[in-house]
>>> print(open('input-v1.cif').read())   # mmCIF, C-alpha atoms
data_protein
#
loop_
_atom_site.label_atom_id
_atom_site.label_comp_id
_atom_site.auth_asym_id
_atom_site.auth_seq_id
_atom_site.Cartn_x
_atom_site.Cartn_y
_atom_site.Cartn_z
CA MET A 1 -93.65 -159.79 -51.22
CA ILE A 2 -93.18 -157.59 -48.17
CA ALA A 3 -93.82 -154.49 -50.28
CA LEU A 4 -97.05 -156.08 -51.54
CA GLY A 5 -98.04 -156.91 -47.96
CA LEU A 6 -97.37 -153.31 -46.92
CA LEU A 7 -99.60 -152.01 -49.72
CA VAL A 8 -102.49 -154.31 -48.80
CA HIS A 9 -102.10 -153.68 -45.06
CA GLY A 10 -101.87 -149.93 -45.70
CA TRP A 11 -105.08 -149.99 -47.73
CA LEU A 12 -106.88 -151.92 -44.96
CA LEU A 13 -105.63 -149.41 -42.39
CA HIS A 14 -106.82 -146.48 -44.47
CA GLN A 15 -110.28 -148.03 -44.69
CA SER A 16 -110.55 -148.73 -40.97
CA ILE A 17 -109.02 -145.46 -39.71
CA PHE A 18 -110.22 -142.81 -42.16
CA SER A 19 -113.46 -144.17 -43.67
CA ILE A 20 -115.85 -142.31 -41.32
CA GLY A 21 -113.59 -140.05 -39.27
CA PHE A 22 -110.28 -140.47 -37.49
CA ASN A 23 -110.70 -143.82 -35.79
CA LEU A 24 -107.75 -144.96 -33.66
CA GLY A 25 -109.27 -147.72 -31.60
CA PHE A 26 -107.20 -150.32 -29.79
CA TYR A 27 -106.85 -152.77 -32.69
CA GLU A 28 -106.45 -150.06 -35.32
CA SER A 29 -103.66 -148.43 -33.28
CA ILE A 30 -101.67 -151.64 -32.88
CA SER A 31 -102.21 -152.47 -36.55
CA ALA A 32 -100.86 -149.02 -37.55
CA ILE A 33 -97.84 -149.35 -35.25
CA LEU A 34 -97.01 -152.79 -36.63
CA TRP A 35 -97.48 -151.58 -40.23
CA LEU A 36 -94.95 -148.82 -39.55
CA THR A 37 -92.66 -151.36 -37.85
CA VAL A 38 -92.69 -153.56 -40.96
CA LEU A 39 -92.04 -150.49 -43.11
CA ILE A 40 -89.03 -149.61 -40.93
CA TYR A 41 -87.81 -153.20 -41.22
CA TRP A 42 -88.30 -153.25 -45.00
CA VAL A 43 -86.32 -150.01 -45.47
CA THR A 44 -83.59 -151.04 -43.02
CA ASP A 45 -83.21 -154.54 -44.43
CA ARG A 46 -82.21 -153.17 -47.83
CA ASP A 47 -78.85 -152.05 -46.38
CA HIS A 48 -78.34 -154.33 -43.39
CA GLN A 49 -79.65 -157.78 -44.46
CA LEU A 50 -81.77 -158.43 -41.37
CA HIS A 51 -83.57 -161.49 -42.75
CA SER A 52 -83.65 -163.16 -39.33
CA LEU A 53 -85.82 -160.33 -38.00
CA GLN A 54 -88.71 -161.35 -40.26
CA ALA A 55 -89.67 -164.05 -37.76
CA PHE A 56 -90.27 -161.33 -35.12
CA VAL A 57 -91.78 -158.59 -37.30
CA LEU A 58 -94.07 -160.22 -39.85
CA PRO A 59 -96.32 -162.61 -37.84
CA PRO A 60 -97.77 -159.99 -35.41
CA ALA A 61 -98.23 -157.53 -38.29
CA ALA A 62 -100.11 -160.16 -40.30
CA LEU A 63 -102.33 -160.94 -37.30
CA PHE A 64 -103.21 -157.32 -36.53
CA ALA A 65 -103.78 -156.53 -40.20
CA LEU A 66 -106.88 -158.74 -39.91
CA LEU A 67 -108.05 -158.27 -36.30
CA PRO A 68 -109.63 -154.79 -36.77
CA ALA A 69 -112.10 -156.36 -39.23
CA PHE A 70 -113.34 -158.78 -36.55
CA PHE A 71 -112.85 -156.91 -33.26
CA SER A 72 -113.19 -153.26 -34.21
CA ASN A 73 -113.85 -150.99 -31.24
CA PRO A 74 -114.12 -147.49 -32.79
CA HIS A 75 -112.47 -144.66 -30.90
CA PHE A 76 -112.75 -141.42 -32.84
CA MET A 77 -110.08 -138.87 -32.05
CA PRO A 78 -111.09 -135.29 -31.21
CA GLY A 79 -109.25 -132.60 -33.09
CA ALA A 80 -109.14 -134.60 -36.32
CA ASP A 81 -109.66 -131.37 -38.26
CA ASN A 82 -106.45 -129.93 -36.75
CA SER A 83 -103.56 -130.88 -39.04
CA LEU A 84 -100.98 -130.21 -36.30
CA PHE A 85 -102.78 -132.57 -33.93
CA VAL A 86 -102.95 -135.27 -36.62
CA ALA A 87 -99.20 -134.77 -37.18
CA HIS A 88 -98.66 -135.14 -33.41
CA VAL A 89 -100.55 -138.47 -33.44
CA TRP A 90 -98.56 -139.88 -36.36
CA ILE A 91 -95.23 -138.72 -34.91
CA ALA A 92 -96.17 -140.57 -31.72
CA MET A 93 -97.11 -143.68 -33.70
CA LEU A 94 -93.81 -143.54 -35.59
CA ALA A 95 -91.91 -143.20 -32.29
CA TYR A 96 -93.72 -146.26 -30.88
CA SER A 97 -92.96 -148.16 -34.09
CA LEU A 98 -89.25 -147.31 -33.92
CA PHE A 99 -89.09 -148.54 -30.34
CA THR A 100 -91.06 -151.67 -31.29
CA PHE A 101 -88.48 -152.33 -34.01
CA ALA A 102 -85.66 -151.62 -31.52
CA ALA A 103 -87.13 -154.07 -28.98
CA LEU A 104 -87.49 -156.84 -31.57
CA HIS A 105 -83.98 -156.08 -32.84
CA ALA A 106 -82.67 -156.30 -29.25
CA LEU A 107 -84.27 -159.75 -28.91
CA LEU A 108 -82.55 -160.81 -32.12
CA MET A 109 -79.24 -159.50 -30.70
CA ALA A 110 -79.78 -161.56 -27.54
CA ILE A 111 -80.25 -164.70 -29.66
CA ALA A 112 -77.21 -163.81 -31.77
CA GLU A 113 -75.06 -163.39 -28.64
CA ARG A 114 -76.15 -166.78 -27.33
CA SER A 115 -75.35 -168.35 -30.69
CA LEU A 116 -71.86 -166.84 -30.64
CA HIS A 117 -71.25 -168.53 -27.29
CA HIS A 118 -72.69 -171.81 -28.66
CA LYS A 119 -75.62 -171.74 -26.23
CA SER A 120 -78.90 -173.35 -27.19
CA THR A 121 -81.93 -171.15 -27.93
CA LEU A 122 -85.62 -171.92 -28.29
CA ILE A 123 -85.68 -170.27 -31.73
CA SER A 124 -83.57 -171.38 -34.68
CA LEU A 125 -82.98 -168.55 -37.16
CA PRO A 126 -80.86 -168.00 -40.28
CA SER A 127 -77.41 -166.46 -40.04
CA PHE A 128 -77.08 -163.08 -38.34
CA PRO A 129 -75.36 -159.90 -39.48
CA PRO A 130 -72.18 -158.95 -37.57
CA LEU A 131 -73.07 -158.16 -33.96
CA MET A 132 -71.28 -154.79 -34.02
CA MET A 133 -73.36 -153.73 -37.02
CA MET A 134 -76.56 -154.84 -35.27
CA GLU A 135 -75.56 -152.89 -32.18
CA SER A 136 -74.81 -149.73 -34.18
CA LEU A 137 -78.18 -149.99 -35.93
CA LEU A 138 -79.95 -150.48 -32.59
CA PHE A 139 -78.63 -147.20 -31.22
CA LYS A 140 -79.41 -145.32 -34.43
CA ILE A 141 -83.03 -146.50 -34.22
CA ILE A 142 -83.24 -145.68 -30.50
CA GLY A 143 -81.74 -142.22 -31.09
CA LEU A 144 -84.34 -141.42 -33.77
CA GLY A 145 -87.16 -142.86 -31.66
CA PHE A 146 -86.00 -140.87 -28.65
CA ALA A 147 -86.06 -137.63 -30.67
CA LEU A 148 -89.61 -138.35 -31.87
CA LEU A 149 -90.73 -139.38 -28.36
CA THR A 150 -89.40 -136.06 -27.04
CA VAL A 151 -91.39 -134.18 -29.69
CA THR A 152 -94.45 -136.29 -28.82
CA LEU A 153 -94.28 -135.51 -25.10
CA ILE A 154 -93.75 -131.77 -25.65
CA SER A 155 -96.49 -131.45 -28.28
CA GLY A 156 -98.80 -133.61 -26.14
CA MET A 157 -98.55 -131.06 -23.33
CA TRP A 158 -99.43 -128.27 -25.76
CA PHE A 159 -102.39 -130.09 -27.33
CA SER A 160 -103.72 -131.02 -23.89
CA GLU A 161 -104.28 -127.31 -23.31
CA GLU A 162 -105.22 -126.42 -26.90
CA ILE A 163 -107.76 -129.17 -27.69
CA PHE A 164 -108.84 -130.66 -24.36
CA HIS A 165 -108.64 -127.34 -22.44
CA LYS A 166 -106.97 -128.87 -19.41
CA ALA A 167 -103.45 -129.19 -18.09
CA LEU A 168 -101.57 -132.39 -18.76
CA SER A 169 -102.76 -134.91 -16.17
CA PHE A 170 -100.24 -137.21 -14.55
CA ASN A 171 -102.10 -140.46 -15.16
CA HIS A 172 -100.62 -143.89 -15.80
CA LYS A 173 -100.04 -143.12 -19.49
CA THR A 174 -98.12 -139.92 -18.77
CA ILE A 175 -96.07 -141.41 -15.94
CA PHE A 176 -95.04 -144.51 -17.90
CA SER A 177 -94.24 -142.40 -20.99
CA ILE A 178 -91.98 -140.06 -19.00
CA ALA A 179 -90.35 -143.02 -17.23
CA SER A 180 -89.68 -144.61 -20.63
CA TRP A 181 -88.16 -141.31 -21.85
CA PHE A 182 -85.75 -141.31 -18.89
CA ILE A 183 -84.81 -144.96 -19.53
CA TYR A 184 -83.92 -144.25 -23.15
CA ALA A 185 -82.17 -141.00 -22.22
CA GLY A 186 -80.08 -142.93 -19.69
CA LEU A 187 -79.30 -145.63 -22.26
CA LEU A 188 -78.15 -143.11 -24.88
CA PHE A 189 -76.08 -141.25 -22.28
CA GLY A 190 -74.49 -144.51 -21.11
CA ARG A 191 -73.72 -145.48 -24.69
CA TYR A 192 -71.97 -142.26 -25.64
CA GLN A 193 -70.37 -141.57 -22.25
CA TYR A 194 -69.38 -145.07 -21.12
CA GLY A 195 -69.70 -147.17 -24.27
CA TRP A 196 -72.54 -149.37 -23.00
CA ARG A 197 -73.25 -152.33 -25.25
CA GLY A 198 -74.19 -155.98 -25.23
CA GLN A 199 -76.52 -157.31 -22.56
CA LYS A 200 -76.73 -153.97 -20.76
CA ALA A 201 -77.99 -152.24 -23.92
CA ILE A 202 -80.48 -155.05 -24.55
CA ARG A 203 -81.87 -154.91 -21.00
CA TRP A 204 -82.29 -151.13 -21.03
CA THR A 205 -83.92 -151.25 -24.47
CA LEU A 206 -86.45 -153.88 -23.41
CA THR A 207 -87.16 -152.12 -20.10
CA GLY A 208 -87.89 -148.83 -21.86
CA PHE A 209 -90.11 -150.60 -24.38
CA ALA A 210 -92.04 -152.40 -21.62
CA LEU A 211 -92.81 -149.04 -19.98
CA LEU A 212 -93.84 -147.55 -23.32
CA LEU A 213 -96.05 -150.57 -23.94
CA LEU A 214 -97.77 -150.01 -20.60
CA ALA A 215 -98.11 -146.30 -21.33
CA TYR A 216 -99.89 -146.56 -24.67
CA ILE A 217 -101.14 -150.06 -25.42
CA GLY A 218 -101.85 -150.90 -21.78
CA SER A 219 -103.84 -147.73 -21.12
CA LYS A 220 -105.82 -148.08 -24.38
CA PHE A 221 -106.62 -151.73 -23.58
CA VAL A 222 -107.92 -150.89 -20.12
CA LEU A 223 -109.92 -147.82 -21.22
CA GLU A 224 -111.37 -149.10 -24.50
CA ILE A 225 -111.58 -152.89 -24.15
CA ILE A 226 -112.09 -153.44 -20.40
CA LEU A 227 -113.90 -150.23 -19.42
CA GLY A 228 -115.46 -149.60 -22.83
CA ARG A 229 -114.79 -145.84 -22.88
#
>>> encode(input="input-v1.cif", output="structure tokens")
Amino acid sequence: MIALGLLVHGWLLHQSIFSIGFNLGFYESISAILWLTVLIYWVTDRDHQLHSLQAFVLPPAALFALLPAFFSNPHFMPGADNSLFVAHVWIAMLAYSLFTFAALHALLMAIAERSLHHKSTLISLPSFPPLMMMESLLFKIIGLGFALLTVTLISGMWFSEEIFHKALSFNHKTIFSIASWFIYAGLLFGRYQYGWRGQKAIRWTLTGFALLLLAYIGSKFVLEIILGR
């Protein structure tokens, strides 16, 4: 059923993004990120049995699969004829999706930890995988996302000069993206140098994701929805 949902959602995305150009408006962008997040979940679940994560992953993806049809705010990307620039955009989207998955997975870990200590939670979910396995998966996802985010930031600097003919500007998006990069770099360093885990890993993961959310989704919301640019 999830595979069928991915096919339908993917077809809807293709229609809204590529039908008359390279449209990555606010709703289309979130829809694409959540489609990739579900794809990551679907692939990961085959080996790790993360059924509990469906409650976090599927509802927002289902919502944003439909929203572009009702609240489309087209934002056509310059440089759509440049295959390297298109690759840069999709690498960035995949990085955001990996960190979205990591953040949702960290929330699931927080609930699992509370359940192990017999503490009540607002959400009742099916049984969890072993916590050590969940933690190992979290850092694998963060490591891959960090590598792609690094590529995104470096290629973004290059394309700023190549396509927009101006140096990379240190606006809110750039500052929050770099701050998020440092958060995840610090988390990975702490993991491999000091063995960070548990609540510390969850807090750092969610902090980095919040900054990344402000960098991309927050800036797009302000520019495209509030300011109408």
>>> atom_distance(input="input-v1.cif", atom1="atom CA of A:Gln199", atom2="atom CA of A:His48")
21.1 Å
>>> residues_around(input="input-v1.cif", residues="stretch 142-155 of chain A", least_positions_apart="4", cutoff="7 Å", atoms="all atoms listed in the file", output="NGL selection string")
:A and (88 or 91-92 or 95 or 98-99 or 102 or 138 or 159 or 184)
>>> resolve_selection(input="input-v1.cif", expression="the PyMOL selection byres ((chain A and resi 20-35) around 9)", output="JSON, numbers by chain")
{"A": [6, 9, 10, 13, 15, 16, 17, 18, 19, 36, 37, 38, 39, 40, 57, 58, 60, 61, 62, 63, 64, 65, 66, 67, 68, 71, 72, 73, 74, 75, 76, 77, 78, 80, 93, 94, 96, 97, 98, 100, 101, 217, 220, 221, 224, 225]}
>>> atom_distance(input="input-v1.cif", atom1="atom CA of A:Ala185", atom2="atom CA of A:Thr207")
12.4 Å
>>> residues_near_point(input="input-v1.cif", point="(-77.6, -154.5, -41.0)", cutoff="6 Å", atoms="all atoms listed in the file", output="list in words")
His48, Gln49, Leu50, Met133 and Met134 of chain A
>>> resolve_selection(input="input-v1.cif", expression="the PyMOL selection byres ((chain A and resi 174) around 10)", output="list in words")
Leu153, Gly156, Met157, Leu168, Ser169, Phe170, Asn171, His172, Lys173, Ile175, Phe176, Ser177, Ile178, Ala179, Ser180, Leu212, Ala215, Tyr216 and Ser219 of chain A
>>> atom_distance(input="input-v1.cif", atom1="atom CA of A:His51", atom2="atom CA of A:Gly208")
24.8 Å
